[in-house]
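Visitor: Sharing work-v9.txt below, compact mmCIF, C-alpha atoms:
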# COMPACT_ATOMS: atom_id res chain seq x y z
CA MET A 1 123.10 79.27 117.09
CA THR A 2 122.57 81.57 114.14
CA THR A 3 124.47 84.82 114.32
CA LEU A 4 122.33 87.86 113.62
CA ASN A 5 123.66 90.14 110.89
CA TRP A 6 124.27 93.77 111.68
CA ARG A 7 120.86 94.89 110.33
CA ASP A 8 119.04 92.43 112.58
CA ARG A 9 121.12 93.52 115.55
CA ALA A 10 120.41 97.18 114.85
CA LYS A 11 116.70 96.48 114.51
CA THR A 12 116.66 94.55 117.80
CA VAL A 13 118.38 97.43 119.61
CA ARG A 14 116.05 100.00 118.05
CA ASP A 15 112.93 97.96 118.87
CA SER A 16 114.04 97.46 122.47
CA ALA A 17 114.69 101.18 122.89
CA GLU A 18 111.36 102.16 121.32
CA ASP A 19 109.46 99.60 123.41
CA ALA A 20 111.03 101.07 126.55
CA VAL A 21 109.74 104.51 125.51
CA THR A 22 106.31 103.01 124.77
CA ARG A 23 106.08 101.67 128.33
CA VAL A 24 106.35 105.28 129.52
CA THR A 25 104.33 107.13 126.86
CA HIS A 26 101.82 104.33 126.04
CA MET A 27 102.20 105.31 122.38
CA PRO A 28 104.04 103.86 119.39
CA PRO A 29 107.20 105.67 118.25
CA ARG A 30 106.79 108.69 115.99
CA ARG A 31 108.30 106.93 112.99
CA ILE A 32 105.49 104.35 113.04
CA ARG A 33 102.65 106.68 114.00
CA GLY A 34 103.58 108.88 111.06
CA ASP A 35 102.97 105.97 108.71
CA ILE A 36 99.32 105.53 109.72
CA SER A 37 98.25 109.17 110.11
CA PRO A 38 99.65 112.69 110.34
CA LEU A 39 101.58 113.33 113.54
CA TRP A 40 99.37 116.33 114.29
CA LEU A 41 96.45 113.92 114.73
CA ASP A 42 96.10 113.05 118.42
CA TYR A 43 96.82 109.31 118.53
CA LYS A 44 95.41 108.68 122.02
CA LYS A 45 92.39 110.96 121.75
CA THR A 46 91.24 109.69 118.36
CA GLY A 47 91.57 106.08 119.48
CA SER A 48 89.61 106.56 122.69
CA ASP A 49 86.96 108.61 120.87
CA GLN A 50 86.49 105.81 118.38
CA VAL A 51 86.04 103.25 121.16
CA ASP A 52 83.44 105.54 122.78
CA PHE A 53 81.65 105.72 119.40
CA LEU A 54 81.60 101.91 119.16
CA ARG A 55 80.23 101.59 122.68
CA GLU A 56 77.56 104.27 122.40
CA LEU A 57 76.30 103.74 118.85
CA CYS A 58 77.34 100.21 117.89
CA GLY A 59 76.63 98.21 121.02
CA LEU A 60 80.22 97.22 121.78
CA ARG A 61 80.33 95.00 124.89
CA HIS A 62 83.15 93.65 127.01
CA ASP A 63 82.64 90.03 125.92
CA GLN A 64 82.49 90.51 122.15
CA HIS A 65 84.87 89.37 119.40
CA VAL A 66 86.14 92.41 117.48
CA LEU A 67 87.87 92.50 114.08
CA ASP A 68 90.08 95.51 113.25
CA ILE A 69 90.72 95.58 109.49
CA GLY A 70 93.83 97.57 108.66
CA CYS A 71 94.69 97.78 112.36
CA GLY A 72 97.89 99.73 111.82
CA VAL A 73 99.83 100.20 114.99
CA GLY A 74 97.04 99.63 117.47
CA ARG A 75 95.29 102.97 117.73
CA LEU A 76 91.97 101.18 118.30
CA ALA A 77 93.45 98.11 119.99
CA GLN A 78 95.17 99.98 122.80
CA PRO A 79 92.04 101.64 124.25
CA LEU A 80 90.07 98.45 123.60
CA THR A 81 92.32 96.62 126.07
CA THR A 82 90.53 98.56 128.83
CA VAL A 83 87.07 97.60 127.47
CA LEU A 84 87.26 93.97 126.40
CA SER A 85 87.40 91.47 129.25
CA LYS A 86 89.14 88.09 129.12
CA ARG A 87 85.89 86.74 127.69
CA GLY A 88 86.22 89.16 124.79
CA ARG A 89 88.64 88.80 121.91
CA TYR A 90 90.31 91.04 119.37
CA ASP A 91 91.84 90.24 115.98
CA GLY A 92 93.59 92.81 113.85
CA PHE A 93 95.43 92.56 110.56
CA ASP A 94 97.50 94.90 108.44
CA VAL A 95 99.69 94.77 105.33
CA MET A 96 102.67 96.36 107.10
CA PRO A 97 104.64 93.65 108.98
CA TYR A 98 106.60 96.05 111.18
CA MET A 99 103.35 97.42 112.59
CA ILE A 100 102.13 93.92 113.35
CA ASP A 101 105.48 93.16 115.04
CA TRP A 102 105.12 96.25 117.24
CA CYS A 103 101.56 95.34 118.23
CA ARG A 104 102.55 91.81 119.13
CA ARG A 105 105.45 93.00 121.30
CA ASN A 106 103.57 95.79 123.03
CA ILE A 107 99.93 94.68 123.13
CA THR A 108 99.66 90.90 122.77
CA SER A 109 102.46 90.40 125.30
CA ALA A 110 100.23 91.91 127.99
CA HIS A 111 96.84 90.94 126.51
CA PRO A 112 96.96 87.44 124.96
CA ASN A 113 93.34 87.71 123.79
CA PHE A 114 94.53 90.43 121.38
CA ARG A 115 95.96 88.82 118.24
CA PHE A 116 97.62 90.50 115.26
CA THR A 117 98.11 89.00 111.79
CA HIS A 118 100.16 90.16 108.83
CA ALA A 119 98.08 90.26 105.64
CA ASP A 120 100.37 89.68 102.67
CA VAL A 121 98.47 91.99 100.33
CA ARG A 122 100.18 94.19 97.76
CA THR A 123 99.47 97.89 97.35
CA SER A 124 100.86 100.68 95.20
CA ILE A 125 101.88 102.69 98.26
CA GLY A 126 104.66 100.77 99.93
CA HIS A 127 103.96 97.04 99.79
CA ASP A 128 104.46 95.66 96.29
CA ALA A 129 104.42 91.93 97.10
CA GLY A 130 101.59 89.56 98.01
CA VAL A 131 98.13 88.90 96.63
CA ASP A 132 95.82 91.42 95.04
CA ALA A 133 93.42 92.99 97.57
CA ALA A 134 90.56 92.09 95.23
CA GLU A 135 91.36 88.41 95.82
CA TYR A 136 92.43 88.40 99.47
CA VAL A 137 90.54 85.98 101.70
CA PHE A 138 90.35 87.03 105.35
CA PRO A 139 92.04 84.35 107.52
CA TYR A 140 88.97 83.79 109.71
CA ASP A 141 86.03 81.41 109.74
CA ASP A 142 82.50 82.37 108.75
CA ASN A 143 80.26 83.93 111.45
CA THR A 144 83.15 84.68 113.81
CA PHE A 145 82.91 88.35 114.81
CA ASP A 146 80.36 90.48 116.64
CA LEU A 147 81.83 93.75 115.39
CA ALA A 148 84.19 94.71 112.57
CA TYR A 149 85.90 98.08 112.21
CA ALA A 150 87.74 99.52 109.21
CA GLY A 151 89.07 103.01 109.87
CA SER A 152 90.72 104.79 106.92
CA LEU A 153 90.94 101.50 105.02
CA PHE A 154 88.44 101.96 102.18
CA THR A 155 90.02 105.36 101.56
CA HIS A 156 92.95 103.28 100.20
CA LEU A 157 91.11 100.59 98.22
CA THR A 158 89.93 100.72 94.62
CA PRO A 159 86.45 99.40 93.72
CA ALA A 160 87.28 95.72 93.07
CA ALA A 161 89.24 95.47 96.31
CA ALA A 162 86.60 97.38 98.27
CA THR A 163 83.88 95.04 96.98
CA ASN A 164 85.91 91.97 97.94
CA TYR A 165 86.60 93.30 101.43
CA MET A 166 82.91 94.02 101.99
CA ASN A 167 82.04 90.48 100.92
CA GLN A 168 84.70 89.12 103.26
CA ILE A 169 83.40 91.24 106.14
CA ALA A 170 79.84 90.02 105.58
CA ARG A 171 81.16 86.46 105.59
CA VAL A 172 83.11 86.65 108.87
CA LEU A 173 80.49 88.67 110.79
CA LYS A 174 77.88 86.84 112.81
CA PRO A 175 74.27 87.40 111.68
CA GLY A 176 73.30 90.80 113.07
CA GLY A 177 76.94 91.71 113.62
CA VAL A 178 77.94 95.35 113.23
CA PHE A 179 80.34 96.75 110.66
CA VAL A 180 81.74 100.28 111.06
CA SER A 181 83.82 101.85 108.29
CA THR A 182 85.07 105.19 107.06
CA TRP A 183 84.95 106.32 103.43
CA ASN A 184 85.72 109.37 101.34
CA MET A 185 82.25 109.70 99.83
CA TYR A 186 80.66 112.25 97.54
CA ASN A 187 77.46 112.77 95.55
CA SER A 188 76.07 115.26 93.08
CA ASP A 189 75.36 117.79 95.83
CA SER A 190 78.68 117.54 97.67
CA GLU A 191 80.31 120.69 96.37
CA LYS A 192 77.09 122.66 96.78
CA ILE A 193 76.96 121.63 100.44
CA LEU A 194 80.71 122.13 100.91
CA PRO A 195 81.48 125.38 99.06
CA GLY A 196 85.18 126.14 98.64
CA ARG A 197 86.18 122.53 99.33
CA SER A 198 86.67 121.26 95.83
CA LEU A 199 86.15 117.58 95.14
CA ARG A 200 88.15 117.92 91.93
CA GLN A 201 91.06 119.52 93.70
CA ALA A 202 91.29 116.77 96.31
CA TRP A 203 90.76 113.90 93.82
CA PRO A 204 91.51 115.26 90.33
CA HIS A 205 91.23 111.94 88.47
CA ASP A 206 87.63 111.00 87.71
CA MET A 207 87.36 107.22 87.19
CA GLY A 208 83.55 107.12 86.98
CA GLU A 209 82.34 105.48 90.19
CA HIS A 210 85.38 106.74 92.12
CA ARG A 211 88.01 109.46 92.05
CA LEU A 212 91.77 109.23 92.66
CA LYS A 213 94.32 111.58 94.10
CA ASP A 214 97.13 109.92 92.13
CA GLU A 215 96.68 107.72 89.05
CA VAL A 216 100.16 106.20 89.40
CA HIS A 217 99.53 105.21 93.02
CA PRO A 218 95.75 104.70 93.06
CA GLU A 219 95.55 103.46 96.66
CA SER A 220 97.16 106.64 97.99
CA ASN A 221 93.70 108.20 98.39
CA VAL A 222 90.34 107.16 96.95
CA ALA A 223 86.88 108.75 97.03
CA PHE A 224 83.68 106.90 96.08
CA ASP A 225 80.45 108.06 94.49
CA GLU A 226 77.57 107.42 96.90
CA VAL A 227 75.48 106.18 93.97
CA TRP A 228 77.98 103.35 93.44
CA LEU A 229 78.69 102.65 97.10
CA ARG A 230 75.25 102.12 98.60
CA PRO A 231 74.27 99.21 96.33
CA ARG A 232 77.57 97.48 97.14
CA TYR A 233 76.50 97.22 100.76
CA ALA A 234 73.23 95.56 99.87
CA GLU A 235 74.91 93.19 97.41
CA SER A 236 77.40 92.14 100.11
CA GLY A 237 74.63 91.33 102.56
CA LEU A 238 75.18 94.43 104.69
CA ARG A 239 72.40 96.83 105.65
CA ILE A 240 73.30 100.48 106.20
CA VAL A 241 72.01 101.93 109.45
CA GLU A 242 70.95 105.53 108.85
CA PRO A 243 72.05 108.23 109.25
CA VAL A 244 75.44 108.26 107.59
CA ARG A 245 77.71 110.44 109.74
CA PRO A 246 80.83 112.57 109.40
CA ASP A 247 83.86 110.64 110.59
CA ALA A 248 84.82 111.46 114.17
CA THR A 249 88.48 110.40 113.88
CA TYR A 250 89.49 112.02 110.62
CA SER A 251 87.40 115.11 111.26
CA PRO A 252 88.40 118.44 109.71
CA LEU A 253 87.60 119.97 113.10
CA ARG A 254 90.73 118.26 114.49
CA VAL A 255 93.01 119.79 111.86
CA PRO A 256 95.35 122.61 112.96
CA ARG A 257 94.62 125.88 111.19
CA ASN A 258 97.95 125.87 109.37
CA ILE A 259 97.28 122.45 107.80
CA ALA A 260 95.40 122.06 104.50
CA ALA A 261 93.13 119.03 104.72
CA SER A 262 89.91 120.06 103.01
CA HIS A 263 89.40 116.50 101.73
CA LEU A 264 88.43 115.46 105.26
CA TRP A 265 85.09 117.23 104.79
CA TYR A 266 84.18 114.27 102.58
CA THR A 267 85.19 111.60 105.12
CA THR A 268 82.18 109.66 106.31
CA THR A 269 81.38 106.93 108.84
CA ILE A 270 78.91 104.23 107.84
CA ILE A 271 77.40 101.76 110.32
CA ALA A 272 75.95 98.57 108.86
CA THR A 273 74.66 95.24 110.08
CA ALA A 274 75.14 91.78 108.60
CA SER A 275 72.08 89.99 107.28
CA ASP A 276 71.20 86.42 108.17
CA ALA A 277 72.32 85.23 104.75
CA ALA A 278 75.47 86.97 103.55
CA PRO A 279 76.70 86.07 100.04
Represent the structure of the file as structure tokens.

Guide:
Amino acid sequence: MTTLNWRDRAKTVRDSAEDAVTRVTHMPPRRIRGDISPLWLDYKKTGSDQVDFLRELCGLRHDQHVLDIGCGVGRLAQPLTTVLSKRGRYDGFDVMPYMIDWCRRNITSAHPNFRFTHADVRTSIGHDAGVDAAEYVFPYDDNTFDLAYAGSLFTHLTPAAATNYMNQIARVLKPGGVFVSTWNMYNSDSEKILPGRSLRQAWPHDMGEHRLKDEVHPESNVAFDEVWLRPRYAESGLRIVEPVRPDATYSPLRVPRNIAASHLWYTTTIIATASDAAP
């Protein structure tokens, strides 16, 4: 029998203690929640609100196969366990292996039709190994999913990676399948419509079709020009369902008054459907 080193033992003890707390609170530990979103954001409320959005506006049913791209630590998966029946299925993937480990221990263990996969993709914000996101191939067959969701994912992808992910989503969705995603999106009228909420202040580095918060760590926060983004949907074989909406999860209306988060006024939800012949 292999003897665990002291780091492995400490991790096992910590995980066991945190999982015991999770069984009471039904939430991941603070140290993990803080890695996917600010702790002032209501983890349970935002997750359940997003599921309600998918049911009311995107036709989510109990027997569908759902893909959660950048699933984090199960904010969407947890409330989905009360919606999807045993006939339904869920797949989620994320670049952070410790989040996938937590989801497997705390969600898959009770709901075997919920599966979580580690995506070995490198980023400039904490995961510097793996393949380039612009070349990553989703580990699923063509025409597999009824619904795909990407919450606060494209806000951390640069254009080549975003284009690849959209192509991959179109590939794995069934014809007519629904794709829901959130973006930081702007156009020539944005600052006229949103006075006092400067686009340049939130994303000071103008890269042409997109803007960056940090040039050294480009995936830390990305905003896209609507003029560039809309054609990418069509080229990927995805049709935007109008209207484009403010994002319900990362809404500035959820932000405490003492927190500066004016960039959330640019956060947008786009619903799209897959065509019969994706690229």

Visitor: For a test of reading the model, state the distance in Å between CA of Leu84 (chain A) and CA of Arg115 (chain A), rounded to one decimal.

Guide: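 Value for the CA of Leu84 (chain A)-CA of Arg115 (chain A) distance: 13.0 Å.
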
Visitor: Write out as a list in words the residues lying within 8 Å of His263 (chain A), counting all atoms listed in the file and excluding same-chain residues fewer than 2 positions away.

Guide: Arg197, Leu199, Ala202, Ala261, Trp265, Tyr266 and Thr267 of chain A

Visitor: Need the shell around Ser188 (chain A): protein/DNA/RNA residues with any atom at most 10 Å away, counting all atoms listed in the file. Skip same-chain ones fewer than 2 positions apart. Format as a list in words?

Guide: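 Once the adjacent positions are removed, what remains is Tyr186, Ser190, Glu191, Lys192, Ile193, Asp225, Glu226 and Val227 of chain A.
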
Visitor: How close does each residue of region 133-212 of chain A get to region 88-105 of chain A, giving the shortest atom pair and distance in Å to one decimal for every residue with an atom at most 10 Å away, counting all atoms listed in the file, sorted by chain and residue number, as CSV?

Guide:
residue,atom,partner,partner_atom,distance
A:Phe138,CA,A:Phe93,CA,9.1
A:Pro139,CA,A:Phe93,CA,9.4
A:Tyr140,CA,A:Asp91,CA,9.4
A:Phe145,CA,A:Tyr90,CA,9.1
A:Asp146,CA,A:Arg89,CA,10.0
A:Leu147,CA,A:Tyr90,CA,9.8
A:Ala148,CA,A:Asp91,CA,9.5
A:Tyr149,CA,A:Gly92,CA,9.5
A:Leu153,CA,A:Asp94,CA,9.9

Visitor: Determine the nearest neighbour of Lys45 (chain A) from the options A:Lys174, A:Arg239, A:Arg245, A:Arg254, counting only C-alpha atoms.

Guide: A:Arg254

Visitor: Could you state the separation of CA of Asn143 (chain A) and CA of Asp68 (chain A) in Å, given to one decimal place?

Guide: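 Spanning CA of Asn143 (chain A) to CA of Asp68 (chain A) is a straight-line distance of 15.3 Å.
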
Visitor: Which residue out of A:Arg75, A:Ile259, A:Phe154, A:Arg61 has the minimum interatomic distance to Asp42 (chain A) when only C-alpha atoms are used?

Guide: A:Arg75

Visitor: Calculate how many Å separate CA of Val66 (chain A) from CA of Thr81 (chain A), rounding to one decimal.

Guide: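 According to the coordinates, CA of Val66 (chain A) and CA of Thr81 (chain A) are separated by 11.4 Å.
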
Visitor: Point out the residue among A:Ala223, A:Leu194, A:Ile107, A:Val13 with the least atom-to-atom distance to Met207 (chain A), counting all atoms listed in the file.

Guide: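 Checking each of A:Ala223, A:Leu194, A:Ile107, A:Val13 against Met207 (chain A), counting all atoms listed in the file, the winner is A:Ala223.
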
Visitor: Find the spatial neighbours of Pro256 (chain A), counting only C-alpha atoms, within a cut-off of 12 Å - ignore same-chain residues fewer than 6 positions away - and output them as JSON, numbers by chain.

Guide: {"A": [38, 39, 40, 41, 42, 262]}

Visitor: Step by step: start from the point (72.0, 88.2, 107.1) in the file's coordinates, keep every protein, DNA or RNA residue that has an atom no farther than 10 Å from it, count only C-alpha atoms, and write the set as a PyMOL selection string.

Guide: chain A and resi 170-171+173-177+236-239+273-279

Visitor: Could you give me, as number ranges by chain, the residues within 6 Å of Thr155 (chain A), counting all atoms listed in the file and dropping anything in the same chain fewer than 4 positions from it?

Guide: A: 183-184, 221-222

Visitor: With distances taken over only C-alpha atoms, which of A:Gln64, A:Gln50, A:Thr144, A:Asn164 is nearest to Asn113 (chain A)?

Guide: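 Among the listed residues, the smallest separation from Asn113 (chain A) belongs to A:Gln64.
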
Visitor: With only C-alpha atoms as the atoms that count, which of A:Thr163, A:Leu264, A:Asn187, A:Phe179 lies nearest to Pro231 (chain A)?

Guide: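 The shortest atom-to-atom distance to Pro231 (chain A) comes from A:Thr163.
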
Visitor: Env of His205 (chain A): 8 Å cut, atoms = all atoms listed in the file, seq-sep filter 4 positions within chain, self excluded. Answer as a list in words.

Guide: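 My list of contacting residues is Arg200, Arg211, Leu212, Lys213, Asp214 and Glu215 of chain A.
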
Visitor: Please determine the residues with any atom at most 8 Å from (94.2, 92.3, 93.5) (coordinates as given in the file, with all atoms listed in the file counting) and report them as a ChimeraX atom specification.

Guide: /A:122,131-136,160-161
